[in-house]
Structure formats: structure tokens, C-alpha cells
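Chemist: The structure file input_24.pdb (PDB, C-alpha atoms, pLDDT in the B column) is provided below.
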ATOM      1  CA  MET R   1      12.164   6.748  23.782  1.00 63.00           C
ATOM      2  CA  PRO R   2      11.010   9.666  21.560  1.00 74.00           C
ATOM      3  CA  SER R   3       7.286   9.651  20.873  1.00 85.00           C
ATOM      4  CA  GLU R   4       4.725  12.116  19.615  1.00 88.00           C
ATOM      5  CA  LEU R   5       0.940  12.286  19.456  1.00 92.00           C
ATOM      6  CA  TYR R   6      -0.905  14.664  17.136  1.00 92.00           C
ATOM      7  CA  GLU R   7      -4.677  15.041  17.406  1.00 95.00           C
ATOM      8  CA  VAL R   8      -6.954  17.192  15.246  1.00 94.00           C
ATOM      9  CA  GLU R   9     -10.674  17.611  14.517  1.00 95.00           C
ATOM     10  CA  VAL R  10     -11.439  17.188  10.831  1.00 94.00           C
ATOM     11  CA  ASN R  11     -14.524  17.824   8.718  1.00 94.00           C
ATOM     12  CA  LEU R  12     -14.590  14.268   7.420  1.00 94.00           C
ATOM     13  CA  PRO R  13     -16.850  11.317   8.171  1.00 95.00           C
ATOM     14  CA  ILE R  14     -15.099   8.479   9.957  1.00 95.00           C
ATOM     15  CA  HIS R  15     -15.660   6.063   7.036  1.00 94.00           C
ATOM     16  CA  SER R  16     -13.707   8.381   4.702  1.00 94.00           C
ATOM     17  CA  ILE R  17     -10.742   8.295   7.049  1.00 94.00           C
ATOM     18  CA  TRP R  18     -10.952   4.514   7.341  1.00 93.00           C
ATOM     19  CA  ASN R  19     -11.260   3.978   3.580  1.00 92.00           C
ATOM     20  CA  PHE R  20      -8.040   5.927   3.093  1.00 93.00           C
ATOM     21  CA  VAL R  21      -5.813   4.716   5.934  1.00 90.00           C
ATOM     22  CA  SER R  22      -6.848   1.067   5.608  1.00 90.00           C
ATOM     23  CA  ASP R  23      -4.678   0.924   2.460  1.00 91.00           C
ATOM     24  CA  MET R  24      -0.971   1.530   3.142  1.00 90.00           C
ATOM     25  CA  ASN R  25      -0.440   2.491  -0.501  1.00 93.00           C
ATOM     26  CA  ASN R  26      -2.466   5.637   0.210  1.00 93.00           C
ATOM     27  CA  TRP R  27      -0.460   6.956   3.135  1.00 89.00           C
ATOM     28  CA  ALA R  28       3.067   5.541   2.839  1.00 91.00           C
ATOM     29  CA  PRO R  29       3.988   8.096   0.094  1.00 94.00           C
ATOM     30  CA  LEU R  30       2.872  10.923   2.398  1.00 93.00           C
ATOM     31  CA  LEU R  31       5.620  10.235   4.950  1.00 89.00           C
ATOM     32  CA  PRO R  32       8.038  13.199   5.084  1.00 86.00           C
ATOM     33  CA  GLY R  33      11.228  12.276   3.195  1.00 88.00           C
ATOM     34  CA  TYR R  34       9.460   9.399   1.373  1.00 93.00           C
ATOM     35  CA  ILE R  35      11.569   7.527  -1.195  1.00 95.00           C
ATOM     36  CA  GLU R  36       9.618   4.304  -1.829  1.00 96.00           C
ATOM     37  CA  HIS R  37       7.658   1.491  -0.221  1.00 96.00           C
ATOM     38  CA  GLU R  38       6.884  -2.119  -1.036  1.00 97.00           C
ATOM     39  CA  ILE R  39       3.848  -4.092   0.109  1.00 96.00           C
ATOM     40  CA  LEU R  40       4.905  -7.595   1.158  1.00 96.00           C
ATOM     41  CA  ASN R  41       1.434  -8.799   2.160  1.00 94.00           C
ATOM     42  CA  ASP R  42      -1.743  -7.341   3.732  1.00 88.00           C
ATOM     43  CA  ARG R  43       0.054  -6.711   7.041  1.00 92.00           C
ATOM     44  CA  GLU R  44       3.700  -6.148   6.107  1.00 95.00           C
ATOM     45  CA  SER R  45       5.530  -3.583   4.027  1.00 96.00           C
ATOM     46  CA  THR R  46       8.936  -1.950   3.787  1.00 96.00           C
ATOM     47  CA  TRP R  47       9.428   1.801   3.584  1.00 95.00           C
ATOM     48  CA  LYS R  48      12.439   3.898   2.603  1.00 95.00           C
ATOM     49  CA  PHE R  49      12.695   7.574   3.482  1.00 90.00           C
ATOM     50  CA  LYS R  50      15.273  10.277   4.161  1.00 89.00           C
ATOM     51  CA  SER R  51      15.603  11.548   7.706  1.00 81.00           C
ATOM     52  CA  ASP R  52      17.181  14.907   8.481  1.00 74.00           C
ATOM     53  CA  LEU R  53      18.174  15.269  12.138  1.00 65.00           C
ATOM     54  CA  GLY R  54      20.175  18.450  11.707  1.00 61.00           C
ATOM     55  CA  VAL R  55      23.790  17.450  11.150  1.00 58.00           C
ATOM     56  CA  ILE R  56      22.763  13.792  10.902  1.00 67.00           C
ATOM     57  CA  LYS R  57      21.138  12.842   7.599  1.00 76.00           C
ATOM     58  CA  LYS R  58      20.208   9.222   7.019  1.00 80.00           C
ATOM     59  CA  LYS R  59      18.336   7.035   4.571  1.00 89.00           C
ATOM     60  CA  ILE R  60      16.103   4.876   6.703  1.00 88.00           C
ATOM     61  CA  HIS R  61      14.734   1.505   5.588  1.00 93.00           C
ATOM     62  CA  LEU R  62      11.984   0.162   7.868  1.00 93.00           C
ATOM     63  CA  LYS R  63       9.765  -2.869   8.014  1.00 96.00           C
ATOM     64  CA  VAL R  64       6.205  -1.898   8.947  1.00 95.00           C
ATOM     65  CA  ASP R  65       4.038  -4.626  10.504  1.00 96.00           C
ATOM     66  CA  ILE R  66       0.339  -3.861  10.956  1.00 95.00           C
ATOM     67  CA  THR R  67      -0.600  -5.320  14.342  1.00 97.00           C
ATOM     68  CA  SER R  68      -4.316  -4.551  14.175  1.00 96.00           C
ATOM     69  CA  TRP R  69      -7.022  -3.228  11.887  1.00 93.00           C
ATOM     70  CA  VAL R  70     -10.086  -2.188  13.886  1.00 95.00           C
ATOM     71  CA  GLU R  71     -12.602  -0.876  11.353  1.00 95.00           C
ATOM     72  CA  PRO R  72     -13.440   2.024  11.287  1.00 95.00           C
ATOM     73  CA  THR R  73     -11.448   3.423  14.192  1.00 95.00           C
ATOM     74  CA  GLU R  74      -7.859   2.219  14.477  1.00 95.00           C
ATOM     75  CA  ILE R  75      -4.764   0.903  12.724  1.00 94.00           C
ATOM     76  CA  THR R  76      -1.716   0.037  14.832  1.00 96.00           C
ATOM     77  CA  PHE R  77       1.718  -0.912  13.595  1.00 95.00           C
ATOM     78  CA  ASN R  78       5.239  -1.820  14.700  1.00 97.00           C
ATOM     79  CA  LEU R  79       8.421  -0.543  13.083  1.00 94.00           C
ATOM     80  CA  VAL R  80      11.742  -2.385  12.806  1.00 96.00           C
ATOM     81  CA  GLY R  81      14.852  -0.966  11.174  1.00 92.00           C
ATOM     82  CA  ILE R  82      16.317  -2.888   8.256  1.00 95.00           C
ATOM     83  CA  ASN R  83      19.442  -0.775   7.720  1.00 90.00           C
ATOM     84  CA  GLU R  84      19.593   0.883  11.156  1.00 85.00           C
ATOM     85  CA  LYS R  85      19.006  -0.298  14.722  1.00 89.00           C
ATOM     86  CA  ILE R  86      15.531   1.193  15.110  1.00 88.00           C
ATOM     87  CA  THR R  87      12.398   0.001  16.853  1.00 93.00           C
ATOM     88  CA  GLY R  88       9.080   1.715  17.148  1.00 93.00           C
ATOM     89  CA  LYS R  89       5.339   1.671  16.910  1.00 95.00           C
ATOM     90  CA  GLY R  90       2.488   3.906  15.955  1.00 93.00           C
ATOM     91  CA  TYR R  91      -1.180   4.208  15.184  1.00 94.00           C
ATOM     92  CA  PHE R  92      -3.891   6.172  13.465  1.00 92.00           C
ATOM     93  CA  LYS R  93      -7.175   6.519  15.306  1.00 95.00           C
ATOM     94  CA  ALA R  94     -10.425   8.123  14.272  1.00 95.00           C
ATOM     95  CA  GLN R  95     -13.398   8.902  16.465  1.00 96.00           C
ATOM     96  CA  ALA R  96     -16.720  10.093  15.058  1.00 96.00           C
ATOM     97  CA  ILE R  97     -17.849  13.386  16.588  1.00 96.00           C
ATOM     98  CA  ALA R  98     -20.752  14.014  14.209  1.00 95.00           C
ATOM     99  CA  GLU R  99     -21.900  12.640  10.851  1.00 93.00           C
ATOM    100  CA  LYS R 100     -19.239  14.575   8.930  1.00 93.00           C
ATOM    101  CA  LYS R 101     -16.783  15.409  11.701  1.00 96.00           C
ATOM    102  CA  SER R 102     -14.136  13.209  13.307  1.00 97.00           C
ATOM    103  CA  LEU R 103     -11.254  13.395  15.719  1.00 97.00           C
ATOM    104  CA  MET R 104      -8.126  12.005  14.067  1.00 94.00           C
ATOM    105  CA  THR R 105      -5.038  11.012  16.039  1.00 94.00           C
ATOM    106  CA  GLY R 106      -1.597  10.095  14.735  1.00 91.00           C
ATOM    107  CA  TYR R 107       1.022   8.618  17.063  1.00 92.00           C
ATOM    108  CA  LEU R 108       4.656   7.645  16.462  1.00 90.00           C
ATOM    109  CA  ASP R 109       7.204   6.208  18.879  1.00 90.00           C
ATOM    110  CA  ILE R 110      10.669   5.570  17.414  1.00 86.00           C
ATOM    111  CA  THR R 111      13.921   4.686  19.161  1.00 86.00           C
ATOM    112  CA  PHE R 112      17.380   4.436  17.662  1.00 82.00           C
ATOM    113  CA  GLU R 113      19.789   1.998  19.323  1.00 87.00           C
ATOM    114  CA  GLY R 114      23.536   1.619  19.106  1.00 80.00           C
ATOM    115  CA  ALA R 115      26.608   3.844  19.477  1.00 79.00           C
ATOM    116  CA  MET R 116      24.963   7.117  18.380  1.00 76.00           C
ATOM    117  CA  ALA R 117      21.605   6.409  20.053  1.00 76.00           C
ATOM    118  CA  LYS R 118      21.806   9.127  22.712  1.00 80.00           C
ATOM    119  CA  ILE R 119      22.594  11.865  20.186  1.00 75.00           C
ATOM    120  CA  ILE R 120      20.129  10.666  17.544  1.00 76.00           C
ATOM    121  CA  ASN R 121      17.259  10.129  20.008  1.00 76.00           C
ATOM    122  CA  SER R 122      17.669  13.632  21.441  1.00 77.00           C
ATOM    123  CA  LYS R 123      17.543  15.124  17.915  1.00 73.00           C
ATOM    124  CA  LEU R 124      14.704  12.802  16.949  1.00 75.00           C
ATOM    125  CA  LYS R 125      12.221  14.267  19.458  1.00 74.00           C
ATOM    126  CA  LYS R 126      11.812  17.555  17.525  1.00 73.00           C
ATOM    127  CA  ASN R 127      11.890  15.760  14.181  1.00 80.00           C
ATOM    128  CA  LEU R 128       9.235  13.290  15.353  1.00 83.00           C
ATOM    129  CA  THR R 129       6.922  16.137  16.391  1.00 84.00           C
ATOM    130  CA  ASP R 130       7.131  17.600  12.893  1.00 85.00           C
ATOM    131  CA  MET R 131       6.912  14.202  11.175  1.00 85.00           C
ATOM    132  CA  THR R 132       3.802  13.121  13.101  1.00 88.00           C
ATOM    133  CA  LYS R 133       2.011  16.404  12.403  1.00 90.00           C
ATOM    134  CA  GLU R 134       3.079  16.514   8.731  1.00 90.00           C
ATOM    135  CA  LEU R 135       2.019  12.920   8.078  1.00 90.00           C
ATOM    136  CA  THR R 136      -1.358  13.334   9.801  1.00 91.00           C
ATOM    137  CA  GLU R 137      -2.046  16.656   8.026  1.00 93.00           C
ATOM    138  CA  ALA R 138      -0.972  15.189   4.660  1.00 94.00           C
ATOM    139  CA  ILE R 139      -3.387  12.272   5.142  1.00 92.00           C
ATOM    140  CA  ILE R 140      -6.214  14.691   5.957  1.00 93.00           C
ATOM    141  CA  ALA R 141      -5.426  16.847   2.897  1.00 94.00           C
ATOM    142  CA  LYS R 142      -5.276  13.791   0.623  1.00 94.00           C
ATOM    143  CA  ILE R 143      -8.602  12.462   1.947  1.00 93.00           C
ATOM    144  CA  HIS R 144     -10.160  15.876   1.213  1.00 91.00           C
ATOM    145  CA  GLU R 145      -8.753  15.674  -2.341  1.00 91.00           C
ATOM    146  CA  VAL R 146     -10.206  12.195  -2.824  1.00 88.00           C
ATOM    147  CA  GLU R 147     -13.574  13.293  -1.379  1.00 85.00           C
ATOM    148  CA  ASN R 148     -13.647  16.284  -3.770  1.00 82.00           C
ATOM    149  CA  GLY R 149     -12.584  14.251  -6.806  1.00 78.00           C
ATOM    150  CA  VAL R 150      -9.119  15.852  -7.123  1.00 66.00           C
ATOM    151  CA  ARG R 151      -6.285  13.454  -7.905  1.00 55.00           C
TER
END
Could you spell out this file's structure in C-alpha cells?
Modeler:
Amino acid sequence: MPSELYEVEVNLPIHSIWNFVSDMNNWAPLLPGYIEHEILNDRESTWKFKSDLGVIKKKIHLKVDITSWVEPTEITFNLVGINEKITGKGYFKAQAIAEKKSLMTGYLDITFEGAMAKIINSKLKKNLTDMTKELTEAIIAKIHEVENGVR
């Protein structure tokens, strides 16, 4: 079961992080390989993105179910493949360190199932490390843009 956790201190107040990640429309487009997403309701959405696992390139279509919103510290979600046999989960957490400093954590756990699962899951580990870091860093950069009035 490939999983990855990325944690970083950021010069942002915890409420700025919450205001951004509490709306999936803000962070879904920041996913590496993003194609599109659709909000079904306040807890469910579908996401399409391209995955590049070396020799294996796939368009992935996932259903994202938010399992909890804990303002201002945590959003957890489950992932279910629509076009592939995929299951997973993840979260974003923020912890206030000071008034304008927080610890932000991104976590993803994704497992492919089926005939190619062993090969794909072994390739996925490296890809997941990059994806988790890229997504978390992109969220941080976008929050800084919003905070500084850049759009």
C-alpha cells in the first residue's frame, strides 16, 4: 500500500490555510497532472488527472469523498477509482506554531488493484512522494498568492 507524508513549516496563519483548503475548488486544480474536477456536493467530487509511472501512463478518474472537516486543523478524504481499480485516502493537517506560522502536513495513500497491481504499486511509491510534495507545496504557494493579492 504506497503512502507518503509530507510535512513543512510555513509562514502562514492557520486560518489562511483553512480558508484555502476548506474549498476543494481551490486545491483540486493544483494536483500534478490535473485535467478537471467536478463538485457533486459539499463532500463529494470527481477528479481527472494524468499519471505518469514511467512506462505506464494513465488517465485516472477518481471519486473524492471528504470524510471530515475539522476547522481549522484537518480535512480527511477517501479516494475510489472510477475508471481504474484504485482505493486510497489522504488528509491535510495544519497546526499553529505561532500567530503567523503553521506546520502543514499532506498525506496520500493510494493502492492500485487488479492484474497490474504489483508493478503499478511499486512504481507508484516514487510518484506518490513527488505528488504529495508537489501538491502540498502548490497549495502553500497559492495561499501566499491569495494572501498577497496575486491571482
Chemist: Taking 4 positions as the minimum chain separation for residues in the same chain, which residues sit within 8 Å of range 125-139 of chain R when counting only C-alpha atoms? Answer as number ranges by chain.
Modeler: R: 2-6, 21, 27, 30-32, 52-53, 105-108, 121, 143
Chemist: Save the residues we just selected, C-alpha atoms, as a short mmCIF file (atom, residue, chain, number, x, y, z; two decimals), in the coordinates of the input?
Modeler:
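Contents of out-v5.cif, freshly written:
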data_model
loop_
_atom_site.label_atom_id
_atom_site.label_comp_id
_atom_site.auth_asym_id
_atom_site.auth_seq_id
_atom_site.Cartn_x
_atom_site.Cartn_y
_atom_site.Cartn_z
CA PRO R 2 11.01 9.67 21.56
CA SER R 3 7.29 9.65 20.87
CA GLU R 4 4.72 12.12 19.61
CA LEU R 5 0.94 12.29 19.46
CA TYR R 6 -0.90 14.66 17.14
CA VAL R 21 -5.81 4.72 5.93
CA TRP R 27 -0.46 6.96 3.14
CA LEU R 30 2.87 10.92 2.40
CA LEU R 31 5.62 10.24 4.95
CA PRO R 32 8.04 13.20 5.08
CA ASP R 52 17.18 14.91 8.48
CA LEU R 53 18.17 15.27 12.14
CA THR R 105 -5.04 11.01 16.04
CA GLY R 106 -1.60 10.10 14.74
CA TYR R 107 1.02 8.62 17.06
CA LEU R 108 4.66 7.64 16.46
CA ASN R 121 17.26 10.13 20.01
CA ILE R 143 -8.60 12.46 1.95
#
Chemist: Identify which of the residues R:Lys100, R:His144, R:Lys63, R:Lys93 lies closest to Asn41 in chain R, counting all atoms listed in the file when measuring atom-to-atom distances.
Modeler: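 The answer is R:Lys63, which sits nearest to Asn41 in chain R.
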Chemist: Could you work out how far CA of Lys48 in chain R lies from CA of Asp65 in chain R, giving the answer in Å with one decimal?
Modeler: 14.3 Å
Chemist: Taking all atoms listed in the file into account, name the residue in R:Val10, R:Ile75, R:Ala96, R:Ile82 that is nearest to Trp47 in chain R.
Modeler: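 Checking each candidate against Trp47 in chain R, we get R:Ile82 as the closest.
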Chemist: Taking the file as shown, find all residues satisfying the PyMOL selection byres ((chain R and resi 13) around 8) and write them as a VMD selection string.
Modeler: chain R and resid 11 to 12 14 to 17 96 98 to 102
Chemist: List the neighbours of Lys89 in chain R out to 10 Å using all atoms listed in the file; skip same-chain residues closer than 5 positions along the sequence, and give me the result as a compact mmCIF listing (two decimals) with C-alpha atoms, keeping the file's coordinate frame.
Modeler:
# COMPACT_ATOMS: atom_id res chain seq x y z
CA SER R 3 7.29 9.65 20.87
CA VAL R 64 6.20 -1.90 8.95
CA ASP R 65 4.04 -4.63 10.50
CA ILE R 66 0.34 -3.86 10.96
CA THR R 67 -0.60 -5.32 14.34
CA THR R 76 -1.72 0.04 14.83
CA PHE R 77 1.72 -0.91 13.60
CA ASN R 78 5.24 -1.82 14.70
CA LEU R 79 8.42 -0.54 13.08
CA VAL R 80 11.74 -2.38 12.81
CA TYR R 107 1.02 8.62 17.06
CA LEU R 108 4.66 7.64 16.46
CA ASP R 109 7.20 6.21 18.88
CA ILE R 110 10.67 5.57 17.41
CA THR R 111 13.92 4.69 19.16
Chemist: Kindly indicate which residue among R:Glu84, R:Glu44, R:Glu36, R:Glu9 lies nearest to Asp23 in chain R, using all atoms listed in the file for the distances.
Modeler: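 Checking each candidate against Asp23 in chain R, we get R:Glu44 as the closest.
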Chemist: Around all the atoms of range 33-40 of chain R listed in the file, with 6 Å of room on each side, what axis-aligned box do you get, giving centre and edge lengths in Å to one decimal, as lines of an AutoDock Vina configuration file?
Modeler:
center_x = 7.7
center_y = 2.3
center_z = 0.7
size_x = 19.7
size_y = 31.9
size_z = 17.0
Chemist: If I take CA of Ile97 in chain R and CA of Phe20 in chain R, how far is one from the other in Å, to one decimal?
Modeler: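 One can read the CA of Ile97 in chain R to CA of Phe20 in chain R distance as 18.3 Å.
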Chemist: Quick one: pull the distance between CA of Leu40 in chain R and CA of Met24 in chain R, Å, one decimal.
Modeler: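 It comes out at 11.0 Å.
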Chemist: Between R:Leu103, R:Ile39, R:Ala94, R:Ile120, which has the minimum distance to Ser51 in chain R (counting all atoms listed in the file)?
Modeler: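 Checking each of R:Leu103, R:Ile39, R:Ala94, R:Ile120 against Ser51 in chain R, counting all atoms listed in the file, the winner is R:Ile120.
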Chemist: Please determine, counting only C-alpha atoms, which residue among R:Glu147, R:Asp42, R:Glu113, R:Glu7 has the shortest atom-to-atom distance to Phe92 in chain R.
Modeler: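 With only C-alpha atoms as the atom set, the closest residue is R:Glu7.
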Chemist: Enumerate, as an MDAnalysis selection string, the protein, DNA and RNA residues whose atoms approach (22.1, 4.9, 4.0) to within 9 Å, taking into account only C-alpha atoms and the coordinate frame of the file.
Modeler: chainID R and resid 50 57:61 83:84
Chemist: May I have the residues from that selection written out with C-alpha atoms, as a PDB file, in the coordinates of the input?
Modeler:
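Done, and the output landed in out07.pdb:
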ATOM      1  CA  LYS R  50      15.273  10.277   4.161  1.00 89.00           C
ATOM      2  CA  LYS R  57      21.138  12.842   7.599  1.00 76.00           C
ATOM      3  CA  LYS R  58      20.208   9.222   7.019  1.00 80.00           C
ATOM      4  CA  LYS R  59      18.336   7.035   4.571  1.00 89.00           C
ATOM      5  CA  ILE R  60      16.103   4.876   6.703  1.00 88.00           C
ATOM      6  CA  HIS R  61      14.734   1.505   5.588  1.00 93.00           C
ATOM      7  CA  ASN R  83      19.442  -0.775   7.720  1.00 90.00           C
ATOM      8  CA  GLU R  84      19.593   0.883  11.156  1.00 85.00           C
TER       9      GLU R  84
END
Chemist: Using the atoms already present, construct all heavy atoms for range 108-119 of chain R and hand them back as a compact mmCIF listing (two decimals), in the frame of the given file.
Modeler:
# COMPACT_ATOMS: atom_id res chain seq x y z
N LEU R 108 3.42 8.33 16.83
CA LEU R 108 4.66 7.64 16.46
C LEU R 108 5.58 7.57 17.66
O LEU R 108 5.71 8.53 18.42
CB LEU R 108 5.38 8.39 15.34
CG LEU R 108 4.84 8.26 13.93
CD1 LEU R 108 5.59 9.19 12.99
CD2 LEU R 108 4.92 6.83 13.44
N ASP R 109 6.23 6.44 17.82
CA ASP R 109 7.20 6.21 18.88
C ASP R 109 8.36 5.48 18.21
O ASP R 109 8.20 4.36 17.73
CB ASP R 109 6.55 5.33 19.96
CG ASP R 109 7.48 4.99 21.10
OD1 ASP R 109 8.71 4.90 20.88
OD2 ASP R 109 6.97 4.81 22.21
N ILE R 110 9.52 6.14 18.11
CA ILE R 110 10.67 5.57 17.41
C ILE R 110 11.91 5.72 18.29
O ILE R 110 12.15 6.79 18.85
CB ILE R 110 10.90 6.27 16.06
CG1 ILE R 110 9.68 6.11 15.15
CG2 ILE R 110 12.15 5.71 15.37
CD1 ILE R 110 9.76 6.88 13.85
N THR R 111 12.69 4.65 18.38
CA THR R 111 13.92 4.69 19.16
C THR R 111 15.08 4.13 18.34
O THR R 111 14.97 3.04 17.79
CB THR R 111 13.76 3.86 20.46
OG1 THR R 111 12.67 4.39 21.20
CG2 THR R 111 15.02 3.92 21.30
N PHE R 112 16.14 4.92 18.26
CA PHE R 112 17.38 4.44 17.66
C PHE R 112 18.18 3.75 18.76
O PHE R 112 18.15 4.18 19.91
CB PHE R 112 18.21 5.60 17.10
CG PHE R 112 17.80 6.03 15.73
CD1 PHE R 112 16.69 6.83 15.54
CD2 PHE R 112 18.54 5.64 14.62
CE1 PHE R 112 16.31 7.24 14.28
CE2 PHE R 112 18.17 6.04 13.35
CZ PHE R 112 17.05 6.84 13.17
N GLU R 113 18.93 2.71 18.39
CA GLU R 113 19.79 2.00 19.32
C GLU R 113 21.21 2.01 18.77
O GLU R 113 21.41 2.34 17.61
CB GLU R 113 19.28 0.56 19.51
CG GLU R 113 17.87 0.52 20.06
CD GLU R 113 17.20 -0.84 19.90
OE1 GLU R 113 17.81 -1.76 19.33
OE2 GLU R 113 16.05 -0.96 20.33
N GLY R 114 22.16 1.69 19.58
CA GLY R 114 23.54 1.62 19.11
C GLY R 114 24.39 2.77 19.61
O GLY R 114 24.00 3.53 20.49
N ALA R 115 25.59 2.91 19.01
CA ALA R 115 26.61 3.84 19.48
C ALA R 115 26.15 5.30 19.49
O ALA R 115 26.47 6.06 20.38
CB ALA R 115 27.87 3.70 18.63
N MET R 116 25.39 5.72 18.49
CA MET R 116 24.96 7.12 18.38
C MET R 116 23.55 7.34 18.94
O MET R 116 22.98 8.42 18.77
CB MET R 116 24.98 7.55 16.91
CG MET R 116 26.32 7.44 16.23
SD MET R 116 27.29 8.93 16.33
CE MET R 116 26.29 10.12 15.51
N ALA R 117 23.01 6.36 19.62
CA ALA R 117 21.60 6.41 20.05
C ALA R 117 21.27 7.65 20.87
O ALA R 117 20.25 8.29 20.64
CB ALA R 117 21.25 5.15 20.84
N LYS R 118 22.11 7.99 21.84
CA LYS R 118 21.81 9.13 22.71
C LYS R 118 21.67 10.42 21.91
O LYS R 118 20.73 11.19 22.08
CB LYS R 118 22.90 9.27 23.76
CG LYS R 118 22.40 9.65 25.11
CD LYS R 118 23.52 9.63 26.12
CE LYS R 118 22.99 9.02 27.39
NZ LYS R 118 23.92 9.05 28.48
N ILE R 119 22.60 10.65 21.01
CA ILE R 119 22.59 11.86 20.19
C ILE R 119 21.40 11.86 19.24
O ILE R 119 20.66 12.83 19.14
CB ILE R 119 23.92 11.98 19.38
CG1 ILE R 119 25.08 12.16 20.34
CG2 ILE R 119 23.85 13.11 18.37
CD1 ILE R 119 26.44 11.96 19.71
